Amino acid sequence: MIKAEIDITEQMQGFSKFAKQNDVNHAMDEILLICRKTMMAPRIVLYQIAEAANENNQITDYEMACKIQNLLDDQRNEIKRKSEMINDSVKDAIYGLNEIKKSGNPAVIKGFIEAVKLDLKQIESVL
């Protein structure tokens, strides 16, 4: 097995500095640098930082790691919500188009066309 040692001291010092300043954006930049160097996912890096900070009683580092983790969770939930909204709108639009194919009634066709347009606008608003 190959063992590699990666020095992230500078990035961790930067993270700690920004945690003390409560500067989330720059602390996240340091996390990204650590991720690039270590080839680890942000959640794993944040978990390890939070665990080490908790063990060493570094409260500001722990709180910043947790805050960034919460922001990532919020972002993931927002993306999931948008994805579900797009899926539902696409299904509605497909249903409307299928109903248009079946119907010979111009009034029904017009109603479904308006509904499909609204579904497409909803998809566009999410993007």
# chains A, B, ... in the order shown; residues from 1 in each chain; ligands from 1
>>> select_by_dssp(residues="chain A", states="alpha helix (DSSP H)", output="PyMOL selection string")
chain A and resi 9-20+24-38+42-55+59-102+106-126
>>> residues_around(residues="range 76-83 of chain A", least_positions_apart="4", cutoff="10 Å", atoms="only C-alpha atoms", output="list in words")
Asn70, Leu71, Leu72, Asn87, Asp88, Ser89, Ile123, Ser125, Val126 and Leu127 of chain A
>>> residues_around(residues="Thr60 in chain A", least_positions_apart="4", cutoff="8 Å", atoms="only C-alpha atoms", output="number ranges by chain")
A: 16, 19-20, 64
>>> atom_distance(atom1="CA of Lys110 in chain A", atom2="CA of Val90 in chain A")
18.4 Å
>>> atom_distance(atom1="CA of Asp29 in chain A", atom2="CA of Lys17 in chain A")
12.3 Å
>>> atom_distance(atom1="CA of Pro42 in chain A", atom2="CA of Ile2 in chain A")
22.9 Å
>>> closest_residue(among="A:Thr38, A:Ser103, A:Gln58, A:Gln122", to="Phe15 in chain A", atoms="only C-alpha atoms")
A:Gln58
>>> residues_around(residues="Gln13 in chain A", least_positions_apart="6", cutoff="12 Å", atoms="only C-alpha atoms", output="PDB file with C-alpha atoms, in the first residue's frame")
ATOM      1  CA  ASP A   7       0.632  19.128   4.236  1.00  0.00           C
ATOM      2  CA  ALA A  19     -13.542  30.858  11.508  1.00  0.00           C
ATOM      3  CA  LYS A  20     -12.483  33.344  14.200  1.00  0.00           C
ATOM      4  CA  HIS A  26     -13.206  32.508   2.833  1.00  0.00           C
ATOM      5  CA  ALA A  27     -13.416  29.519   5.184  1.00  0.00           C
ATOM      6  CA  GLU A  30      -9.867  27.009   2.423  1.00  0.00           C
ATOM      7  CA  ILE A  31     -12.018  23.862   2.543  1.00  0.00           C
ATOM      8  CA  ILE A  34      -7.951  21.169   1.280  1.00  0.00           C
ATOM      9  CA  ILE A  49     -12.269  19.137  10.886  1.00  0.00           C
ATOM     10  CA  ASP A  61     -13.385  25.823  14.066  1.00  0.00           C
TER      11      ASP A  61
END
>>> residues_around(residues="Asp92 in chain A", least_positions_apart="5", cutoff="9 Å", atoms="only C-alpha atoms", output="list in words")
Asn87, Leu97, Ala115, Val116 and Asp119 of chain A
>>> residues_around(residues="Val24 in chain A", least_positions_apart="6", cutoff="9 Å", atoms="only C-alpha atoms", output="list in words")
Phe18, Met64, Lys67 and Ile68 of chain A
>>> write_last_selection(atoms="N, CA, C and O atoms", output="PDB file, in the first residue's frame")
ATOM      1  N   PHE A  18     -10.244  32.412   9.460  1.00  0.00           N
ATOM      2  CA  PHE A  18     -11.543  32.860   8.954  1.00  0.00           C
ATOM      3  C   PHE A  18     -12.683  32.418   9.865  1.00  0.00           C
ATOM      4  O   PHE A  18     -13.703  33.107   9.966  1.00  0.00           O
ATOM      5  N   MET A  64     -17.675  26.644  12.739  1.00  0.00           N
ATOM      6  CA  MET A  64     -17.591  27.004  11.317  1.00  0.00           C
ATOM      7  C   MET A  64     -17.765  25.768  10.439  1.00  0.00           C
ATOM      8  O   MET A  64     -18.462  25.821   9.424  1.00  0.00           O
ATOM      9  N   LYS A  67     -21.366  25.000  10.444  1.00  0.00           N
ATOM     10  CA  LYS A  67     -22.113  26.001   9.678  1.00  0.00           C
ATOM     11  C   LYS A  67     -21.995  25.735   8.172  1.00  0.00           C
ATOM     12  O   LYS A  67     -22.988  25.775   7.440  1.00  0.00           O
ATOM     13  N   ILE A  68     -20.790  25.438   7.727  1.00  0.00           N
ATOM     14  CA  ILE A  68     -20.587  25.148   6.298  1.00  0.00           C
ATOM     15  C   ILE A  68     -21.310  23.862   5.917  1.00  0.00           C
ATOM     16  O   ILE A  68     -21.930  23.787   4.852  1.00  0.00           O
TER      17      ILE A  68
END
